[in-house]
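Below is structure15.cif, holding mmCIF, C-alpha atoms.
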```cif
data_structure
loop_
_atom_site.label_atom_id
_atom_site.label_comp_id
_atom_site.auth_asym_id
_atom_site.auth_seq_id
_atom_site.Cartn_x
_atom_site.Cartn_y
_atom_site.Cartn_z
CA MET S 792 23.18 24.47 24.20
CA LEU S 793 23.45 21.34 26.31
CA PHE S 794 19.77 21.54 27.08
CA TRP S 795 19.03 21.73 23.36
CA PHE S 796 21.01 18.59 22.69
CA LEU S 797 19.38 16.69 25.50
CA LEU S 798 16.00 17.73 24.21
CA LEU S 799 17.09 16.49 20.80
CA CYS S 800 17.98 13.11 22.25
CA VAL S 801 14.61 12.83 23.96
CA GLN S 802 12.95 13.92 20.73
CA LEU S 803 14.75 11.24 18.78
CA MET S 804 13.73 8.56 21.25
CA LEU S 805 10.08 9.51 21.00
CA GLY S 806 10.09 10.53 17.40
CA TRP S 807 9.54 7.21 15.67
CA ILE S 808 6.33 8.44 14.12
CA ARG S 809 6.83 7.77 10.47
CA ALA S 810 5.59 6.20 7.28
CA SER S 811 6.23 2.56 6.40
CA GLU S 812 6.25 1.78 2.74
CA LEU S 813 6.77 -1.82 1.65
CA THR S 814 6.34 -3.91 -1.48
CA PHE S 815 6.01 -7.63 -0.97
CA GLU S 816 4.91 -10.71 -2.83
CA LEU S 817 1.71 -12.40 -1.78
CA PRO S 818 1.58 -16.03 -2.94
CA ASP S 819 -1.70 -17.62 -4.01
CA ASN S 820 -4.05 -18.63 -1.20
CA ALA S 821 -1.97 -16.62 1.23
CA LYS S 822 -2.72 -13.90 3.70
CA GLN S 823 -0.20 -11.46 5.09
CA CYS S 824 -0.87 -9.32 8.14
CA PHE S 825 0.97 -6.33 9.52
CA TYR S 826 0.58 -4.81 12.95
CA GLU S 827 1.35 -1.42 14.41
CA ASP S 828 1.01 0.03 17.86
CA ILE S 829 -0.76 3.37 17.62
CA SER S 830 -1.66 5.83 20.34
CA ILE S 831 -5.10 7.41 20.61
CA GLY S 832 -5.90 10.40 18.44
CA THR S 833 -3.22 9.77 15.84
CA LYS S 834 -4.29 10.33 12.28
CA CYS S 835 -3.23 7.42 10.07
CA THR S 836 -3.45 6.67 6.38
CA LEU S 837 -3.26 3.31 4.67
CA GLU S 838 -2.73 3.27 0.91
CA PHE S 839 -2.21 0.16 -1.13
CA GLN S 840 -1.83 -0.80 -4.77
CA VAL S 841 -1.46 -4.16 -6.49
CA VAL S 842 1.57 -4.02 -8.75
CA THR S 843 1.64 -7.33 -10.63
CA GLY S 844 -0.38 -10.50 -10.83
CA GLY S 845 -3.62 -11.78 -12.30
CA HIS S 846 -6.42 -9.25 -12.34
CA TYR S 847 -4.45 -6.94 -10.05
CA ASP S 848 -6.84 -7.29 -7.15
CA VAL S 849 -6.45 -8.11 -3.49
CA ASP S 850 -8.64 -8.19 -0.37
CA CYS S 851 -7.74 -5.74 2.34
CA ARG S 852 -8.95 -5.57 5.92
CA LEU S 853 -8.07 -3.13 8.70
CA GLU S 854 -8.96 -3.86 12.31
CA ASP S 855 -8.59 -1.87 15.50
CA PRO S 856 -7.34 -3.36 18.82
CA ASP S 857 -10.90 -4.47 19.72
CA GLY S 858 -11.21 -6.41 16.51
CA THR S 859 -13.71 -3.98 14.99
CA VAL S 860 -13.29 -3.87 11.26
CA LEU S 861 -12.56 -0.30 10.24
CA TYR S 862 -12.04 -1.00 6.57
CA LYS S 863 -12.85 -4.02 4.49
CA GLU S 864 -12.71 -4.23 0.71
CA MET S 865 -12.68 -7.26 -1.55
CA LYS S 866 -10.80 -7.46 -4.82
CA LYS S 867 -9.60 -3.90 -4.90
CA GLN S 868 -6.79 -2.71 -7.14
CA TYR S 869 -5.93 0.54 -5.39
CA ASP S 870 -7.32 2.39 -2.42
CA SER S 871 -6.51 4.92 0.23
CA PHE S 872 -8.07 5.01 3.71
CA THR S 873 -7.59 7.63 6.41
CA PHE S 874 -8.67 7.12 10.00
CA THR S 875 -8.01 8.49 13.45
CA ALA S 876 -7.06 5.99 16.12
CA SER S 877 -9.95 5.80 18.58
CA ARG S 878 -7.93 4.02 21.22
CA ASN S 879 -4.44 2.91 22.14
CA GLY S 880 -3.32 -0.49 20.99
CA THR S 881 -2.28 -2.68 18.15
CA PHE S 882 -3.96 -2.07 14.85
CA LYS S 883 -3.84 -4.84 12.32
CA PHE S 884 -4.22 -4.79 8.55
CA CYS S 885 -4.20 -7.82 6.30
CA PHE S 886 -3.93 -8.47 2.60
CA SER S 887 -5.46 -11.64 1.31
CA ASN S 888 -4.98 -13.49 -1.94
CA GLU S 889 -7.04 -16.48 -0.80
CA PHE S 890 -9.50 -16.19 -3.67
CA SER S 891 -6.78 -16.82 -6.23
CA THR S 892 -5.68 -20.33 -7.13
CA PHE S 893 -2.43 -19.82 -8.93
CA THR S 894 -1.44 -16.19 -9.35
CA HIS S 895 0.93 -14.48 -6.94
CA LYS S 896 0.37 -10.82 -6.45
CA THR S 897 2.88 -8.12 -5.65
CA VAL S 898 1.34 -5.61 -3.29
CA TYR S 899 2.63 -2.16 -2.37
CA PHE S 900 1.36 -0.40 0.72
CA ASP S 901 2.12 2.85 2.48
CA PHE S 902 1.06 3.14 6.10
CA GLN S 903 1.49 6.61 7.50
CA VAL S 904 1.13 7.09 11.24
CA GLY S 905 0.91 10.60 12.59
CA ASP S 906 2.67 13.55 11.06
CA ASP S 907 6.30 13.80 10.15
CA PRO S 908 8.61 14.44 13.05
CA PRO S 909 9.36 18.16 13.21
CA LEU S 910 12.80 19.26 12.13
CA PHE S 911 13.54 21.02 15.36
CA PRO S 912 12.93 19.93 18.89
CA ASN S 913 11.71 23.28 20.15
CA GLU S 914 9.07 23.46 17.44
CA ASN S 915 5.88 22.65 19.27
CA GLY S 916 3.59 24.17 16.70
CA VAL S 917 3.09 27.17 18.91
CA THR S 918 5.98 29.26 17.70
CA ALA S 919 5.07 31.45 14.76
CA LEU S 920 6.83 30.77 11.51
CA THR S 921 8.25 33.52 9.38
CA GLN S 922 6.97 33.95 5.86
CA MET S 923 10.00 32.19 4.43
CA GLU S 924 9.55 29.27 6.80
CA SER S 925 5.85 28.86 6.04
CA ALA S 926 6.67 29.02 2.33
CA CYS S 927 9.21 26.24 2.91
CA VAL S 928 6.63 24.19 4.79
CA SER S 929 4.09 24.48 1.98
CA ILE S 930 6.71 23.60 -0.63
CA HIS S 931 7.67 20.59 1.48
CA GLU S 932 4.07 19.39 1.63
CA ALA S 933 3.65 19.91 -2.11
CA LEU S 934 6.83 17.99 -2.86
CA LYS S 935 5.66 15.17 -0.60
CA SER S 936 2.52 14.81 -2.68
CA VAL S 937 4.63 14.96 -5.86
CA ILE S 938 6.73 12.08 -4.57
CA ASP S 939 3.56 10.21 -3.68
CA TYR S 940 2.10 10.65 -7.16
CA GLN S 941 5.41 9.63 -8.68
CA THR S 942 5.34 6.42 -6.68
CA HIS S 943 1.85 5.58 -7.88
CA PHE S 944 2.81 6.38 -11.43
CA ARG S 945 5.89 4.17 -11.15
CA LEU S 946 3.72 1.30 -9.89
CA ARG S 947 1.26 1.65 -12.76
CA GLU S 948 4.12 1.74 -15.21
CA THR S 949 5.62 -1.39 -13.62
CA GLN S 950 2.26 -3.06 -14.06
CA GLY S 951 2.14 -2.23 -17.77
CA ARG S 952 5.75 -3.09 -18.34
CA SER S 953 5.63 -6.50 -16.67
CA ARG S 954 2.53 -7.36 -18.72
CA ALA S 955 4.40 -6.33 -21.89
CA GLU S 956 7.44 -8.40 -20.98
CA ASP S 957 5.21 -11.35 -20.22
CA LEU S 958 3.51 -10.95 -23.59
CA ASN S 959 6.87 -10.78 -25.33
CA THR S 960 8.11 -14.09 -23.94
CA ARG S 961 4.76 -15.72 -24.47
CA VAL S 962 4.62 -14.68 -28.15
CA ALA S 963 8.07 -16.20 -28.79
CA PHE S 964 7.26 -19.40 -26.89
CA TRP S 965 3.93 -20.00 -28.51
CA SER S 966 5.11 -19.13 -32.04
CA ILE S 967 7.94 -21.63 -31.86
CA GLY S 968 5.56 -24.16 -30.32
CA GLU S 969 2.98 -23.66 -33.05
CA ALA S 970 5.52 -23.97 -35.86
CA PHE S 971 6.75 -27.20 -34.32
CA ILE S 972 3.23 -28.57 -33.92
CA LEU S 973 2.47 -27.63 -37.53
CA LEU S 974 5.41 -29.63 -38.81
CA VAL S 975 4.68 -32.61 -36.58
CA VAL S 976 0.99 -32.70 -37.58
CA SER S 977 1.64 -32.43 -41.31
CA ILE S 978 4.29 -35.15 -41.29
CA SER S 979 2.16 -37.50 -39.21
CA GLN S 980 -0.84 -36.86 -41.50
CA VAL S 981 1.20 -38.01 -44.47
CA LEU S 982 2.54 -41.05 -42.64
CA LEU S 983 -0.94 -42.03 -41.45
CA LEU S 984 -2.36 -41.71 -44.93
CA ARG S 985 0.44 -43.84 -46.30
CA SER S 986 -0.26 -46.51 -43.72
CA PHE S 987 -3.97 -46.64 -44.79
CA PHE S 988 -2.99 -47.25 -48.37
CA SER S 989 -0.39 -49.87 -47.56
CA ASP S 990 -3.11 -52.06 -45.89
CA LYS S 991 -5.68 -51.37 -48.59
CA LYS S 992 -3.30 -52.53 -51.30
CA THR S 993 -3.19 -56.13 -49.96
CA THR S 994 -7.02 -56.23 -49.68
CA THR S 995 -7.53 -54.88 -53.22
CA THR S 996 -5.19 -57.51 -54.70
CA ARG S 997 -7.06 -60.24 -52.80
CA VAL S 998 -10.38 -58.97 -54.11
CA GLY S 999 -8.94 -58.73 -57.62
CA SER S 1000 -7.78 -62.35 -57.80
CA MET P 1004 33.54 22.02 29.31
CA GLU P 1005 30.59 22.86 27.10
CA MET P 1006 32.41 21.38 24.12
CA LYS P 1007 32.76 18.08 25.97
CA ALA P 1008 29.07 18.09 26.81
CA VAL P 1009 28.19 18.90 23.20
CA VAL P 1010 30.38 16.07 21.89
CA SER P 1011 29.00 13.55 24.35
CA SER P 1012 25.45 14.62 23.60
CA THR P 1013 26.06 14.29 19.88
CA GLY P 1014 27.41 10.82 20.54
CA LEU P 1015 24.37 9.96 22.60
CA MET P 1016 22.11 11.37 19.92
CA LEU P 1017 23.79 9.30 17.22
CA LEU P 1018 23.49 6.26 19.44
CA PHE P 1019 19.76 6.78 19.72
CA ALA P 1020 19.56 7.26 15.99
CA TRP P 1021 21.08 3.82 15.61
CA LEU P 1022 18.60 2.12 17.91
CA SER P 1023 16.19 -0.28 16.31
CA PRO P 1024 12.62 0.87 15.77
CA SER P 1025 10.53 0.27 18.82
CA GLN P 1026 7.31 1.47 17.27
CA ALA P 1027 7.65 0.40 13.68
CA LEU P 1028 5.42 -1.91 11.71
CA TYR P 1029 5.76 -5.57 12.62
CA PHE P 1030 4.70 -8.92 11.23
CA HIS P 1031 5.01 -12.55 12.19
CA ILE P 1032 7.30 -14.99 10.49
CA GLY P 1033 7.63 -18.77 10.78
CA GLU P 1034 10.82 -20.60 11.56
CA THR P 1035 12.30 -21.26 8.17
CA GLU P 1036 10.12 -18.80 6.33
CA LYS P 1037 11.84 -16.29 4.11
CA LYS P 1038 10.21 -12.92 3.78
CA CYS P 1039 11.15 -10.79 0.83
CA PHE P 1040 10.48 -7.15 0.13
CA ILE P 1041 10.96 -5.40 -3.17
CA GLU P 1042 12.36 -1.91 -3.49
CA GLU P 1043 12.28 -0.34 -6.90
CA ILE P 1044 14.81 2.45 -6.77
CA PRO P 1045 16.91 4.63 -9.08
CA ASP P 1046 20.67 4.30 -9.00
CA GLU P 1047 22.90 5.86 -6.31
CA THR P 1048 20.09 5.74 -3.79
CA MET P 1049 20.80 4.87 -0.20
CA VAL P 1050 18.56 2.41 1.62
CA ILE P 1051 18.68 1.86 5.37
CA GLY P 1052 16.80 -1.03 6.91
CA ARG P 1053 16.36 -1.64 10.59
CA TYR P 1054 14.75 -4.60 12.25
CA ARG P 1055 14.12 -5.96 15.70
CA THR P 1056 13.05 -9.48 16.50
CA GLN P 1057 11.05 -10.83 19.38
CA LEU P 1058 10.53 -14.45 20.25
CA TRP P 1059 7.23 -15.85 21.45
CA ASP P 1060 7.46 -17.15 25.01
CA LYS P 1061 4.95 -19.98 25.44
CA GLN P 1062 5.16 -19.91 29.23
CA ALA P 1063 4.58 -16.19 29.60
CA GLY P 1064 2.13 -16.17 26.73
CA SER P 1065 3.71 -13.08 25.25
CA PHE P 1066 6.67 -11.94 23.27
CA LEU P 1067 10.01 -11.62 25.03
CA PRO P 1068 11.49 -8.11 24.87
CA SER P 1069 14.71 -9.30 23.25
CA THR P 1070 16.50 -12.57 22.74
CA PRO P 1071 20.25 -12.80 22.44
CA GLY P 1072 21.53 -15.57 20.20
CA LEU P 1073 18.65 -15.25 17.78
CA GLY P 1074 19.85 -14.04 14.42
CA MET P 1075 18.40 -13.04 11.09
CA HIS P 1076 20.06 -13.59 7.78
CA VAL P 1077 19.69 -10.65 5.44
CA GLU P 1078 20.19 -11.11 1.71
CA ILE P 1079 19.92 -8.29 -0.80
CA LYS P 1080 19.82 -8.86 -4.54
CA ASP P 1081 20.19 -6.25 -7.23
CA PRO P 1082 18.02 -6.07 -10.41
CA ASP P 1083 20.38 -8.52 -12.17
CA ALA P 1084 19.78 -11.11 -9.42
CA LYS P 1085 23.33 -10.62 -8.17
CA ILE P 1086 23.72 -10.75 -4.41
CA ILE P 1087 25.07 -7.46 -3.07
CA LEU P 1088 24.71 -8.20 0.61
CA SER P 1089 24.39 -11.51 2.38
CA ARG P 1090 25.05 -11.29 6.07
CA GLN P 1091 24.03 -12.66 9.39
CA TYR P 1092 22.89 -10.10 11.94
CA GLY P 1093 21.88 -10.45 15.56
CA SER P 1094 18.37 -10.22 16.90
CA ASP P 1095 18.48 -6.43 16.34
CA GLY P 1096 20.11 -5.31 13.18
CA ARG P 1097 20.69 -2.47 10.85
CA PHE P 1098 21.68 -2.94 7.23
CA THR P 1099 22.43 -0.37 4.62
CA PHE P 1100 23.23 -0.38 0.93
CA THR P 1101 23.47 2.00 -2.00
CA SER P 1102 22.10 0.94 -5.35
CA HIS P 1103 24.45 1.11 -8.32
CA THR P 1104 21.97 -0.02 -10.95
CA PRO P 1105 18.42 1.26 -11.15
CA GLY P 1106 15.69 -1.32 -10.77
CA GLU P 1107 14.03 -3.79 -8.47
CA HIS P 1108 16.14 -4.73 -5.51
CA GLN P 1109 15.02 -7.57 -3.33
CA ILE P 1110 15.58 -7.59 0.42
CA CYS P 1111 15.09 -11.03 1.97
CA LEU P 1112 15.08 -11.91 5.63
CA HIS P 1113 14.99 -15.28 7.25
CA SER P 1114 15.74 -16.56 10.68
CA ASN P 1115 18.80 -18.70 11.20
CA SER P 1116 17.51 -20.29 14.35
CA THR P 1117 16.35 -23.88 14.37
CA LYS P 1118 15.60 -24.13 18.05
CA MET P 1119 12.61 -21.81 17.82
CA ALA P 1120 10.08 -24.55 17.18
CA LEU P 1121 11.26 -26.49 20.21
CA PHE P 1122 10.85 -23.74 22.75
CA THR P 1123 8.44 -21.29 21.38
CA GLY P 1124 5.89 -22.75 19.02
CA GLY P 1125 7.68 -21.28 16.04
CA LYS P 1126 6.48 -17.68 16.07
CA LEU P 1127 8.79 -14.78 15.63
CA ARG P 1128 7.79 -11.14 15.59
CA VAL P 1129 9.86 -8.92 13.33
CA HIS P 1130 9.71 -5.12 13.56
CA LEU P 1131 10.90 -3.70 10.28
CA ASP P 1132 11.62 -0.24 9.01
CA ILE P 1133 13.06 0.45 5.58
CA GLN P 1134 13.87 4.02 4.60
CA VAL P 1135 14.84 4.99 1.09
CA GLY P 1136 16.54 8.00 -0.44
CA GLU P 1137 15.98 11.31 1.27
CA HIS P 1138 14.16 9.66 4.19
CA THR P 1139 17.53 8.28 5.24
CA ASN P 1140 18.73 11.75 6.11
CA ASN P 1141 18.72 12.62 9.73
CA TYR P 1142 18.02 16.36 9.75
CA PRO P 1143 18.74 17.22 13.38
CA GLU P 1144 22.11 15.51 12.93
CA ILE P 1145 22.83 17.45 9.74
CA ALA P 1146 21.86 20.70 11.44
CA ALA P 1147 24.25 20.00 14.29
CA LYS P 1148 27.09 18.93 12.00
CA ASP P 1149 26.91 21.80 9.50
CA LYS P 1150 25.60 24.33 11.99
CA LEU P 1151 22.62 25.35 9.90
CA SER P 1152 19.95 27.78 10.91
CA GLU P 1153 16.29 26.78 10.78
CA LEU P 1154 15.72 28.26 7.36
CA GLN P 1155 18.89 26.72 5.96
CA LEU P 1156 17.87 23.31 7.25
CA ARG P 1157 14.43 23.60 5.69
CA VAL P 1158 15.96 24.58 2.38
CA ARG P 1159 18.37 21.66 2.65
CA GLN P 1160 15.41 19.33 3.15
CA LEU P 1161 13.68 20.78 0.09
CA LEU P 1162 16.85 20.35 -1.95
CA ASP P 1163 17.06 16.69 -0.94
CA GLN P 1164 13.45 16.12 -1.87
CA VAL P 1165 13.89 17.75 -5.25
CA GLU P 1166 16.99 15.66 -5.88
CA GLN P 1167 15.01 12.53 -5.16
CA ILE P 1168 12.28 13.65 -7.56
CA GLN P 1169 14.88 14.29 -10.25
CA LYS P 1170 16.42 10.85 -9.79
CA GLU P 1171 13.03 9.23 -9.96
CA GLN P 1172 12.18 11.12 -13.16
CA ASN P 1173 15.43 10.03 -14.71
CA TYR P 1174 14.71 6.45 -13.74
CA GLN P 1175 11.25 6.84 -15.24
CA ARG P 1176 12.79 7.81 -18.56
CA TYR P 1177 15.02 4.72 -18.47
CA ARG P 1178 12.08 2.46 -17.71
CA GLU P 1179 9.90 3.95 -20.38
CA GLU P 1180 12.70 3.23 -22.85
CA ARG P 1181 12.80 -0.39 -21.71
CA PHE P 1182 9.04 -0.63 -22.06
CA ARG P 1183 9.20 0.80 -25.55
CA MET P 1184 11.96 -1.66 -26.53
CA THR P 1185 9.92 -4.57 -25.19
CA SER P 1186 6.88 -3.45 -27.19
CA GLU P 1187 8.98 -3.04 -30.34
CA SER P 1188 10.44 -6.49 -29.81
CA THR P 1189 6.96 -8.01 -29.39
CA ASN P 1190 5.88 -6.23 -32.56
CA GLN P 1191 8.84 -7.61 -34.51
CA ARG P 1192 8.34 -11.10 -33.14
CA VAL P 1193 4.64 -11.17 -33.99
CA LEU P 1194 5.39 -9.94 -37.51
CA TRP P 1195 8.23 -12.37 -38.32
CA TRP P 1196 6.70 -15.40 -36.69
CA SER P 1197 3.38 -14.87 -38.53
CA ILE P 1198 5.24 -14.68 -41.83
CA ALA P 1199 7.34 -17.72 -40.91
CA GLN P 1200 4.30 -19.74 -39.92
CA THR P 1201 2.40 -18.87 -43.09
CA PHE P 1202 5.47 -19.87 -45.07
CA ILE P 1203 5.83 -23.17 -43.20
CA LEU P 1204 2.13 -23.85 -43.77
CA ILE P 1205 2.39 -23.32 -47.51
CA ILE P 1206 5.61 -25.33 -47.83
CA THR P 1207 4.26 -28.30 -45.86
CA GLY P 1208 1.04 -28.18 -47.91
CA ILE P 1209 2.98 -28.33 -51.15
CA TRP P 1210 5.28 -31.06 -49.81
CA GLN P 1211 2.31 -33.13 -48.63
CA MET P 1212 0.58 -33.01 -52.02
CA ARG P 1213 3.75 -33.79 -53.97
CA HIS P 1214 4.73 -36.62 -51.66
CA LEU P 1215 1.29 -38.19 -51.76
CA LYS P 1216 1.10 -37.80 -55.53
CA SER P 1217 4.41 -39.60 -56.01
CA PHE P 1218 3.32 -42.21 -53.44
CA PHE P 1219 0.07 -42.95 -55.27
CA GLU P 1220 1.87 -43.02 -58.60
CA ALA P 1221 4.31 -45.56 -57.13
CA LYS P 1222 1.36 -47.60 -55.83
CA LYS P 1223 -0.21 -47.38 -59.30
CA LEU P 1224 -3.44 -46.00 -57.88
CA VAL P 1225 -3.32 -42.76 -59.92
#
```
Can you give me the file's structure in the form of structure tokens?
Amino acid sequence: MLFWFLLLCVQLMLGWIRASELTFELPDNAKQCFYEDISIGTKCTLEFQVVTGGHYDVDCRLEDPDGTVLYKEMKKQYDSFTFTASRNGTFKFCFSNEFSTFTHKTVYFDFQVGDDPPLFPNENGVTALTQMESACVSIHEALKSVIDYQTHFRLRETQGRSRAEDLNTRVAFWSIGEAFILLVVSISQVLLLRSFFSDKKTTTTRVGS
Amino acid sequence: MEMKAVVSSTGLMLLFAWLSPSQALYFHIGETEKKCFIEEIPDETMVIGRYRTQLWDKQAGSFLPSTPGLGMHVEIKDPDAKIILSRQYGSDGRFTFTSHTPGEHQICLHSNSTKMALFTGGKLRVHLDIQVGEHTNNYPEIAAKDKLSELQLRVRQLLDQVEQIQKEQNYQRYREERFRMTSESTNQRVLWWSIAQTFILIITGIWQMRHLKSFFEAKKLV
């Protein structure tokens, strides 16, 4: 029992293999880089999606500790890239909005390193699972992909909704602005026309006499 | 005797669970720079964030393992821009909150230190790990606490996942309603403002002609 707990503690210390999912705002002409220390042979996945801003595109670049570019895409809206770490070290991935002059972008990314930590410390993948347990494992994997799809759906919906809200405020603003401009232009037209005729009147009387 | 060992081991285990991430994602932040992250979550969802900061040591040319006295200010805003957490933490910190309204919560971090630029060239490395919803559950801990068998623990994990999916679906319904209301509002606005503008156009046209006609009649030009 004690041994089990100690093993658990060790497991917890080593078990920080997990997914990092963040949504952040990337201002115009800015570049944001993230780093992660990965050990050799770990299978990693980087997924990103632009949520709001401009044409919903961003540049993404993934480099290994040697500086070799593993993945480079310009102006991409959504992509997913899986790779296996070829060496130990710090991997770096950057999102760039340097091509944009005035739109900020909101970018979501999900960087998964390795597999999920196992639920039990004595599970080394060697012990055979019962039918029930393997059914649970497959349901767990399926639910994970459901949650993943849900996240992407939520992001697309956020995209559409923020555009709609933007449109809503813009319609109100511009309608009021146009009505105002209409009134101002029509009144000034009349006033200008009146001013022409006021001058002309003195010249016509001079000509007449 | 065994009970004592179990209790102390559980304590040790929980202590390790509290430790800041040593292998999480990290990024660099400037001295007064504020970094914000957005979490769009349904209501009654727990969020646990953990961070660890490291200061750049110019002399050693590397990052110091840990720096006491260096703090980070954490500010969390709810979807209505109301601040729900605004606290100073040390160089290693752990913050947690539960959302009460569904929507976009904003988690902002900035350093409170002003002496960074003097000693270090202004670079700070922040390791950050934010876990949301069912990822906040610590399954080995739950297994120990409720004394669950392997199968029971797996089923518990599945139940948590399904609960998260349900909450997200519910939130989706709420957002779709908001989207629909926004579209309806835009539709109404476009309709009424077009009518109003056409009306204003006609009225000003009529007014212009009548005013000018009376003006020319007064000037005896017509």
For this session: Name the residues in contact with segment 887-892 of chain S at a cut-off of 7 Å, using only C-alpha atoms, excluding same-chain residues fewer than 6 positions from it; report them as a PyMOL selection string.
Result: chain S and resi 817+819-823+849-851
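Across P:Gly1093, P:Gly1208, P:Gly1136, P:Pro1082, the tightest approach to Ser977 of chain S is made by P:Gly1208 when counting only C-alpha atoms.
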Exercise. Hey, what comes out of the PyMOL selection byres ((chain S and resi 895) around 8) on this file? Could you write it as a ChimeraX atom specification?
Worked result: /S:816-819,844-845,888,893-894,896-897
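Closest approach to chain P among S:Leu910, S:Met865, S:Ile831, S:Ala933: S:Leu910, based on all atoms listed in the file.
Distances here use all atoms listed in the file; by that measure, the residue among P:Ile1209, P:Ile1051, P:Ser1217, P:Val1193 closest to chain S is P:Val1193.
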For this session: Quick one: apply the PyMOL selection byres ((chain P and resi 1083) around 10) to the file and drop the selected residues here as a PyMOL selection string.
Result: chain P and resi 1080-1082+1084-1086+1104+1106-1108
Atoms to include: C-alpha atoms. Write the selected residues as a PDB file, in the frame of the given file.
```pdb
ATOM      1  CA  LYS P1080      19.820  -8.860  -4.540  1.00  0.00           C
ATOM      2  CA  ASP P1081      20.190  -6.250  -7.230  1.00  0.00           C
ATOM      3  CA  PRO P1082      18.020  -6.070 -10.410  1.00  0.00           C
ATOM      4  CA  ALA P1084      19.780 -11.110  -9.420  1.00  0.00           C
ATOM      5  CA  LYS P1085      23.330 -10.620  -8.170  1.00  0.00           C
ATOM      6  CA  ILE P1086      23.720 -10.750  -4.410  1.00  0.00           C
ATOM      7  CA  THR P1104      21.970  -0.020 -10.950  1.00  0.00           C
ATOM      8  CA  GLY P1106      15.690  -1.320 -10.770  1.00  0.00           C
ATOM      9  CA  GLU P1107      14.030  -3.790  -8.470  1.00  0.00           C
ATOM     10  CA  HIS P1108      16.140  -4.730  -5.510  1.00  0.00           C
TER      11      HIS P1108
END
```
For this session: With the file shown as input, list the residues that the PyMOL selection byres ((chain S and resi 841) around 6) selects, as a PyMOL selection string.
Result: chain S and resi 840+842+847+868+897-898
For this session: Do a neighbour search on Tyr899 of chain S at 10 Å with all atoms listed in the file, toss out local chain neighbours closer than 5 positions, and write the hits as a ChimeraX atom specification.
Result: /S:812-816,838-843,869,942-943,946 /P:1040-1042
For this session: Please determine the residues with any atom at most 8 Å from (20.3, -15.2, 14.2) (coordinates as given in the file, with all atoms listed in the file counting) and report them as a PyMOL selection string.
Result: chain P and resi 1072-1076+1091-1094+1114-1116
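You can rank S:Cys927, S:Leu920, S:Cys835, S:Leu853 by their closest distance to chain P using only C-alpha atoms, and at the top of that list sits S:Cys927.
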Expected axis-aligned box over every listed atom of segment 1030-1036 of chain P, 8 Å added per side, centre plus edges in Å to one decimal, as JSON:
```
{"center_x": 8.5, "center_y": -15.1, "center_z": 9.3, "size_x": 23.6, "size_y": 28.3, "size_z": 21.9}
```
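The smallest atom-to-atom distance between Glu1043 of chain P and any of S:Thr873, S:Phe900, S:Thr949, S:Asp906, using all atoms listed in the file, is found for S:Thr949.
The two atoms in question, atom CA of Leu1156 of chain P and atom CA of Pro908 of chain S, are spaced 14.1 Å apart.
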For this session: Work out how far apart atom CA of Phe987 of chain S and atom CA of Phe1219 of chain P are and give it in Å to one decimal.
Result: 11.8 Å
For this session: Might you pull out every residue within 12 Å of segment 854-863 of chain S, with all atoms listed in the file counted and same-chain residues fewer than 5 positions away left off, and present them as a count of residues only?
Result: 30
Seminar exercise, completed: Pairwise distance, atom CA of Thr1101 of chain P with atom CA of Ile930 of chain S, equals 27.4 Å
Considering all atoms listed in the file, return as an mmCIF file with C-alpha atoms, in the coordinates of the input whatever protein or nucleic-acid residues lie within 8 Å of Gln1211 of chain P, sequence-local ones (same chain, fewer than 4 positions apart) excluded.
```cif
data_model
loop_
_atom_site.group_PDB
_atom_site.id
_atom_site.type_symbol
_atom_site.label_atom_id
_atom_site.label_comp_id
_atom_site.auth_asym_id
_atom_site.auth_seq_id
_atom_site.Cartn_x
_atom_site.Cartn_y
_atom_site.Cartn_z
ATOM 1 C CA SER S 977 1.640 -32.430 -41.310
ATOM 2 C CA ILE S 978 4.290 -35.150 -41.290
ATOM 3 C CA VAL S 981 1.200 -38.010 -44.470
ATOM 4 C CA THR P 1207 4.260 -28.300 -45.860
ATOM 5 C CA LEU P 1215 1.290 -38.190 -51.760
#
```
Exercise. P:Arg1090, P:Thr1099, P:Glu1137, P:Pro1068: which is nearest Ile1168 of chain P, counting only C-alpha atoms?
Worked result: P:Glu1137
